[in-house]
$ cat work-v5.txt   # compact mmCIF, C-alpha atoms
# COMPACT_ATOMS: atom_id res chain seq x y z
CA MET A 1 -86.60 251.51 169.43
CA THR A 2 -83.51 249.38 169.00
CA ILE A 3 -80.93 248.58 171.63
CA ALA A 4 -77.31 248.39 170.54
CA PRO A 5 -75.95 244.81 170.66
CA ILE A 6 -73.89 243.81 173.66
CA THR A 7 -70.18 244.06 172.89
CA PRO A 8 -67.13 243.22 175.05
CA TYR A 9 -66.99 246.93 175.89
CA HIS A 10 -70.23 246.55 177.82
CA TYR A 11 -68.66 243.76 179.86
CA LEU A 12 -65.51 245.86 180.33
CA ALA A 13 -67.60 248.74 181.65
CA LEU A 14 -69.55 246.46 184.03
CA SER A 15 -66.33 244.88 185.26
CA ALA A 16 -64.64 248.26 185.75
CA ALA A 17 -67.63 249.56 187.70
CA LEU A 18 -67.68 246.46 189.93
CA PHE A 19 -63.91 246.77 190.45
CA MET A 20 -64.31 250.42 191.45
CA ILE A 21 -67.04 249.48 193.95
CA GLY A 22 -64.54 247.03 195.45
CA VAL A 23 -61.81 249.68 195.58
CA MET A 24 -64.19 252.09 197.31
CA GLY A 25 -65.06 249.38 199.83
CA VAL A 26 -61.40 248.77 200.63
CA MET A 27 -60.75 252.49 200.99
CA LEU A 28 -63.88 253.51 202.92
CA ARG A 29 -64.69 250.71 205.34
CA ARG A 30 -62.85 249.97 208.56
CA ASN A 31 -64.44 246.58 209.26
CA ILE A 32 -61.81 244.12 208.06
CA ILE A 33 -64.42 241.50 207.07
CA ILE A 34 -66.06 243.99 204.70
CA VAL A 35 -62.63 244.90 203.31
CA PHE A 36 -62.13 241.21 202.49
CA MET A 37 -65.55 241.03 200.85
CA SER A 38 -64.62 244.03 198.71
CA ILE A 39 -61.53 242.15 197.56
CA GLU A 40 -63.80 239.25 196.54
CA LEU A 41 -65.88 241.74 194.52
CA MET A 42 -62.75 242.87 192.69
CA LEU A 43 -61.78 239.26 191.89
CA ASN A 44 -65.29 238.73 190.54
CA ALA A 45 -64.88 241.75 188.27
CA VAL A 46 -61.71 240.17 186.86
CA ASN A 47 -63.56 236.89 186.28
CA ILE A 48 -66.35 238.65 184.36
CA ASN A 49 -63.71 240.09 182.02
CA LEU A 50 -62.09 236.68 181.51
CA ALA A 51 -65.40 234.98 180.76
CA ALA A 52 -66.55 237.76 178.42
CA PHE A 53 -63.37 237.63 176.33
CA SER A 54 -63.41 233.84 176.40
CA THR A 55 -66.85 233.95 174.77
CA GLN A 56 -65.85 236.71 172.36
CA TRP A 57 -62.82 234.80 171.04
CA GLN A 58 -64.48 231.38 171.32
CA ASN A 59 -61.49 230.18 173.32
CA ALA A 60 -61.98 228.37 176.62
CA VAL A 61 -58.58 229.36 178.08
CA GLY A 62 -60.17 232.43 179.68
CA GLN A 63 -62.57 230.22 181.59
CA VAL A 64 -59.68 228.00 182.73
CA PHE A 65 -57.93 231.09 184.10
CA ALA A 66 -61.13 232.20 185.81
CA ILE A 67 -61.21 228.81 187.56
CA PHE A 68 -57.63 229.36 188.74
CA VAL A 69 -58.62 232.82 190.01
CA ILE A 70 -61.49 231.21 191.97
CA ALA A 71 -59.08 228.63 193.46
CA VAL A 72 -56.67 231.36 194.56
CA ALA A 73 -59.58 233.40 195.95
CA ALA A 74 -60.68 230.41 198.02
CA ALA A 75 -57.16 229.98 199.41
CA GLU A 76 -56.94 233.71 200.12
CA ALA A 77 -60.30 233.71 201.92
CA ALA A 78 -59.33 230.75 204.12
CA VAL A 79 -55.98 232.21 205.17
CA GLY A 80 -57.36 235.74 205.48
CA LEU A 81 -60.24 234.69 207.71
CA GLY A 82 -57.76 232.74 209.85
CA ILE A 83 -55.73 235.93 210.22
CA ILE A 84 -58.93 237.84 211.12
CA LEU A 85 -59.70 235.31 213.87
CA ALA A 86 -56.16 235.51 215.27
CA PHE A 87 -56.31 239.32 215.13
CA TYR A 88 -59.67 239.42 216.88
CA ARG A 89 -58.38 237.09 219.59
CA ASN A 90 -55.43 239.39 220.27
CA LYS A 91 -57.00 242.84 219.90
CA ASP A 92 -60.71 242.21 220.51
CA THR A 93 -61.67 244.39 217.55
CA LEU A 94 -62.08 244.20 213.78
CA ASP A 95 -60.94 247.76 213.07
CA VAL A 96 -58.21 247.83 210.40
CA ASP A 97 -56.79 250.99 212.01
CA GLU A 98 -55.92 248.91 215.08
CA MET A 99 -53.71 246.71 212.88
CA ASN A 100 -50.63 248.85 213.38
CA ILE A 101 -47.97 246.62 214.92
CA MET A 102 -45.92 246.46 211.72
CA ARG A 103 -46.74 250.00 210.56
CA TRP A 104 -43.85 252.45 210.50
CA MET B 1 -82.65 242.35 171.97
CA LEU B 2 -83.17 239.61 174.56
CA GLU B 3 -79.43 239.47 175.16
CA ALA B 4 -79.36 243.21 175.83
CA VAL B 5 -82.28 243.02 178.26
CA VAL B 6 -80.64 240.14 180.14
CA PHE B 7 -77.29 241.94 180.25
CA TYR B 8 -78.66 245.26 181.50
CA THR B 9 -80.86 243.59 184.13
CA LEU B 10 -77.96 241.50 185.42
CA ALA B 11 -75.56 244.45 185.33
CA ALA B 12 -77.97 246.56 187.38
CA LEU B 13 -78.42 243.74 189.90
CA ILE B 14 -74.67 243.06 190.18
CA LEU B 15 -73.77 246.71 190.66
CA GLY B 16 -76.67 247.32 193.05
CA PHE B 17 -75.76 244.38 195.26
CA GLY B 18 -72.09 245.42 195.06
CA VAL B 19 -72.94 248.88 196.37
CA LEU B 20 -75.06 247.32 199.12
CA VAL B 21 -72.15 245.04 200.14
CA VAL B 22 -69.92 248.05 200.57
CA THR B 23 -72.45 250.35 202.26
CA ALA B 24 -74.57 248.09 204.50
CA ARG B 25 -74.14 248.73 208.22
CA ASN B 26 -74.76 245.19 209.47
CA THR B 27 -71.97 242.76 208.56
CA VAL B 28 -74.38 239.81 208.21
CA HIS B 29 -76.43 241.82 205.70
CA CYS B 30 -73.20 242.51 203.79
CA VAL B 31 -72.52 238.78 203.52
CA LEU B 32 -76.07 238.09 202.31
CA PHE B 33 -75.80 240.82 199.66
CA LEU B 34 -72.48 239.24 198.64
CA VAL B 35 -74.28 235.91 198.05
CA ALA B 36 -76.86 237.68 195.86
CA ASN B 37 -74.05 239.39 193.95
CA PHE B 38 -72.24 236.07 193.34
CA LEU B 39 -75.45 234.40 192.14
CA CYS B 40 -76.11 237.23 189.68
CA VAL B 41 -72.55 236.88 188.37
CA ALA B 42 -73.19 233.14 187.94
CA VAL B 43 -76.28 233.90 185.84
CA LEU B 44 -74.13 236.27 183.78
CA TYR B 45 -71.70 233.38 183.15
CA VAL B 46 -74.62 231.26 181.92
CA ALA B 47 -75.58 234.09 179.57
CA LEU B 48 -71.95 234.04 178.34
CA SER B 49 -72.30 230.27 177.70
CA ALA B 50 -69.69 229.51 180.37
CA GLU B 51 -71.85 227.00 182.22
CA PHE B 52 -69.05 225.16 184.01
CA LEU B 53 -67.72 228.44 185.39
CA ALA B 54 -71.24 229.32 186.57
CA VAL B 55 -71.53 226.04 188.48
CA ILE B 56 -68.07 226.54 190.02
CA GLN B 57 -69.07 230.09 190.98
CA VAL B 58 -72.18 228.86 192.79
CA LEU B 59 -70.42 225.91 194.47
CA VAL B 60 -67.16 227.58 195.53
CA TYR B 61 -68.13 231.22 196.01
CA ALA B 62 -71.79 231.21 197.01
CA GLY B 63 -71.51 227.82 198.72
CA GLY B 64 -68.04 227.70 200.24
CA ILE B 65 -66.42 231.08 200.69
CA VAL B 66 -69.58 232.84 201.86
CA VAL B 67 -70.24 230.16 204.49
CA LEU B 68 -66.67 230.73 205.70
CA TYR B 69 -67.42 234.47 205.98
CA LEU B 70 -70.65 233.80 207.87
CA PHE B 71 -68.83 231.53 210.33
CA VAL B 72 -66.21 234.21 210.99
CA VAL B 73 -68.91 236.87 211.46
CA MET B 74 -70.57 234.58 214.01
CA LEU B 75 -67.30 233.65 215.74
CA VAL B 76 -66.06 237.18 216.29
CA ASN B 77 -69.34 238.20 218.02
CA LEU B 78 -68.88 241.94 217.58
CA LYS B 79 -69.60 244.05 220.60
CA ARG B 80 -68.86 247.32 218.86
CA ILE B 81 -68.84 247.37 215.09
CA PRO B 82 -66.20 249.65 213.63
CA ASP B 83 -68.14 252.09 211.50
CA ALA B 84 -67.04 254.20 208.61
CA TYR B 85 -64.06 256.48 208.99
CA PRO B 86 -64.65 259.45 211.28
CA ASP B 87 -63.26 261.70 208.54
CA PRO B 88 -64.53 260.02 205.37
CA ARG B 89 -63.65 263.08 203.28
CA GLY B 90 -59.98 262.30 202.74
CA ARG B 91 -60.62 258.61 202.13
CA ALA B 92 -63.51 259.37 199.76
CA ARG B 93 -61.35 261.82 197.84
CA LEU B 94 -58.57 259.24 197.52
CA GLY B 95 -61.09 256.63 196.40
CA MET B 96 -62.57 259.03 193.85
CA ILE B 97 -59.10 259.79 192.46
CA MET B 98 -58.37 256.07 192.09
CA SER B 99 -61.74 255.45 190.45
CA VAL B 100 -61.20 258.27 187.97
CA ALA B 101 -57.72 256.89 187.22
CA VAL B 102 -59.18 253.46 186.45
CA LEU B 103 -61.88 255.05 184.30
CA LEU B 104 -59.26 257.06 182.37
CA GLU B 105 -57.18 253.94 181.83
CA ILE B 106 -60.19 251.99 180.54
CA SER B 107 -61.26 254.78 178.20
CA LEU B 108 -57.68 255.03 176.88
CA ILE B 109 -57.68 251.29 176.17
CA VAL B 110 -61.13 251.47 174.58
CA GLY B 111 -60.03 254.43 172.44
CA TYR B 112 -56.87 252.64 171.39
CA THR B 113 -58.71 249.44 170.43
CA ALA B 114 -61.39 251.43 168.61
CA ALA B 115 -58.62 253.11 166.58
CA HIS B 116 -56.79 249.82 165.95
CA PRO B 117 -59.50 247.20 165.40
CA ALA B 118 -58.21 243.72 166.07
CA VAL B 119 -58.76 240.83 163.71
CA SER B 120 -62.27 239.60 164.24
CA ALA B 121 -62.52 236.34 166.10
CA GLN B 122 -63.18 233.43 163.82
CA ALA B 123 -66.20 231.84 165.38
CA THR B 124 -65.07 228.25 165.15
CA GLY B 125 -67.64 227.19 167.70
CA SER B 126 -64.99 225.15 169.51
CA LEU B 127 -66.24 226.55 172.81
CA THR B 128 -69.57 224.78 172.68
CA ALA B 129 -68.67 221.73 170.58
CA GLY B 130 -69.11 218.71 172.84
CA GLY B 131 -70.15 220.80 175.81
CA ASN B 132 -68.54 223.61 177.75
CA THR B 133 -67.50 221.37 180.66
CA GLU B 134 -65.70 218.96 178.35
CA VAL B 135 -63.79 221.75 176.61
CA VAL B 136 -62.70 223.34 179.90
CA GLY B 137 -61.81 219.97 181.43
CA TRP B 138 -59.78 218.99 178.39
CA LEU B 139 -57.77 222.22 178.58
CA LEU B 140 -57.37 221.90 182.34
CA TYR B 141 -55.94 218.37 182.16
CA THR B 142 -53.72 218.79 179.07
CA ASP B 143 -52.31 222.27 178.48
CA TYR B 144 -52.79 223.53 182.04
CA LEU B 145 -51.96 220.38 184.00
CA VAL B 146 -48.97 221.90 185.83
CA PRO B 147 -50.85 225.04 186.97
CA PHE B 148 -53.70 222.75 188.04
CA GLU B 149 -51.36 220.73 190.26
CA VAL B 150 -49.76 223.92 191.60
CA ALA B 151 -53.24 225.18 192.49
CA SER B 152 -53.88 221.99 194.46
CA VAL B 153 -50.61 222.48 196.38
CA LEU B 154 -51.62 226.11 197.02
CA LEU B 155 -54.96 224.97 198.43
CA LEU B 156 -53.19 222.45 200.68
CA ALA B 157 -50.90 225.20 201.96
CA ALA B 158 -53.96 227.40 202.55
CA ILE B 159 -55.66 224.62 204.54
CA VAL B 160 -52.59 224.17 206.76
CA GLY B 161 -52.14 227.93 207.10
CA ALA B 162 -55.76 228.52 208.05
CA ILE B 163 -55.63 225.81 210.74
CA VAL B 164 -52.35 227.12 212.16
CA LEU B 165 -53.58 230.73 212.20
CA ALA B 166 -57.00 230.02 213.68
CA LYS B 167 -55.83 227.59 216.37
CA LYS B 168 -55.63 229.03 219.86
CA GLU B 169 -52.31 227.39 220.68
CA LEU B 170 -50.36 224.85 218.72

$ encode --input "work-v5.txt" --output "structure tokens"
Amino acid sequence: MTIAPITPYHYLALSAALFMIGVMGVMLRRNIIIVFMSIELMLNAVNINLAAFSTQWQNAVGQVFAIFVIAVAAAEAAVGLGIILAFYRNKDTLDVDEMNIMRW
Amino acid sequence: MLEAVVFYTLAALILGFGVLVVTARNTVHCVLFLVANFLCVAVLYVALSAEFLAVIQVLVYAGGIVVLYLFVVMLVNLKRIPDAYPDPRGRARLGMIMSVAVLLEISLIVGYTAAHPAVSAQATGSLTAGGNTEVVGWLLYTDYLVPFEVASVLLLAAIVGAIVLAKKEL
């Protein structure tokens, strides 16, 4: 029995599946911390794509961009968790449905 | 053969831990599954011969961001955890529609590229010549120096923003 060689399409499929898991997390969960973790999953899916194509084309620019994505994700996590703390202090909950001050 | 076994094992682990992150009831368990997911992605980077990216993934994601999440989970000290939506049907349907849309888009792209095969990459081996870290560092400090500096300014702004947001009163 032979297994087909791993092509960039395999990495695309893995990344798309991971991205969809993240989308489902954002849509289905009400705990804002888990929503943030789902966003991290989606960013990871993007990074897998960048690294896979970087290896495919033998060009390190994809990895450089993945590093920038990680830097932006770190900044996003720091500011987002600060917002979560401020929100919890004001509302005493983590439910995203309670975040409705600016909703029209 | 070995490459395929490694890929399928890692893909199964990544997707399994991803599903657990989204579905686990306890938030602390979610964070721990997230660490496992990030570590599996780091191993996948090693398999892709992107060693520097793998180290950054472990240091920044599994080491830094996840600790931040754990601290927030401890700080908020949940008395009542908001569970899944009381009417998950509508949300699940919307999520399914979005997932199917993404899947359609990907299959369209795959079909298009299969019909129009691109020029095959000339394997110059520049990625591994002299080490992956050296290649990435060279690019980062020559061609991408300005984005690198902008990223450092962004991180500074994030530090200030996080302190301002999390402080009780200024």

$ closest_atom_pairs --input "work-v5.txt" --of "chain A" --to "chain B" --cutoff "7 Å" --atoms "all atoms listed in the file" --output "tab-separated table"
residue	atom	partner	partner_atom	distance
A:Ile3	CA	B:Met1	CA	6.5
A:Pro5	CA	B:Ala4	CA	6.4
A:Ile6	CA	B:Ala4	CA	5.9
A:Leu14	CA	B:Ala11	CA	6.5
A:Leu18	CA	B:Leu15	CA	6.1
A:Met20	CA	B:Ser99	CA	5.7
A:Ile21	CA	B:Val19	CA	6.4
A:Met24	CA	B:Gly95	CA	5.6
A:Gly25	CA	B:Val22	CA	5.1
A:Met27	CA	B:Gly95	CA	6.2
A:Leu28	CA	B:Arg91	CA	6.1
A:Arg29	CA	B:Ala84	CA	5.3
A:Arg30	CA	B:Ala84	CA	6.0
A:Asn31	CA	B:Pro82	CA	5.6
A:Ile34	CA	B:Val22	CA	7.0
A:Ser38	CA	B:Val22	CA	6.9
A:Ala51	CA	B:Tyr45	CA	6.9
A:Ala52	CA	B:Leu48	CA	6.6
A:Thr55	CA	B:Leu48	CA	6.2
A:Trp57	CA	B:Ala121	CA	5.2
A:Gln58	CA	B:Leu127	CA	5.4
A:Asn59	CA	B:Leu127	CA	6.0
A:Ala60	CA	B:Leu127	CA	6.0
A:Gln63	CA	B:Leu53	CA	6.6
A:Val64	CA	B:Val136	CA	6.2
A:Ile67	CA	B:Leu53	CA	6.9
A:Ala71	CA	B:Ala151	CA	6.9
A:Ala74	CA	B:Ile65	CA	6.4
A:Ala75	CA	B:Ala158	CA	5.2
A:Ala77	CA	B:Ile65	CA	6.8
A:Ala78	CA	B:Ala162	CA	5.8
A:Val79	CA	B:Ala162	CA	4.7
A:Leu81	CA	B:Val72	CA	6.8
A:Gly82	CA	B:Ala166	CA	4.8
A:Ile83	CA	B:Leu165	CA	6.0
A:Leu85	CA	B:Ala166	CA	5.9
A:Ala86	CA	B:Ala166	CA	5.8
A:Tyr88	CA	B:Val76	CA	6.8
A:Leu94	CA	B:Pro82	CA	6.8
A:Asp95	CA	B:Pro82	CA	5.6

$ residues_near_point --input "work-v5.txt" --point "(-58.8, 240.6, 183.6)" --cutoff "10 Å" --atoms "all atoms listed in the file" --output "ChimeraX atom specification"
/A:12,15-16,43-53,62,65-66

$ closest_residue --input "work-v5.txt" --among "B:Val153, B:Ala62, B:Ile97, B:Val67" --to "Val23 (chain A)" --atoms "all atoms listed in the file"
B:Ile97

$ atom_distance --input "work-v5.txt" --atom1 "CA of Met102 (chain A)" --atom2 "CA of Met74 (chain B)"
27.5 Å

$ closest_residue --input "work-v5.txt" --among "A:Pro8, A:Phe68, A:Val96, A:Ser54" --to "Val26 (chain A)" --atoms "only C-alpha atoms"
A:Val96

$ atom_distance --input "work-v5.txt" --atom1 "CA of Tyr11 (chain A)" --atom2 "CA of Ala36 (chain B)"
19.0 Å

$ atom_distance --input "work-v5.txt" --atom1 "CA of Phe33 (chain B)" --atom2 "CA of Leu41 (chain A)"
11.2 Å
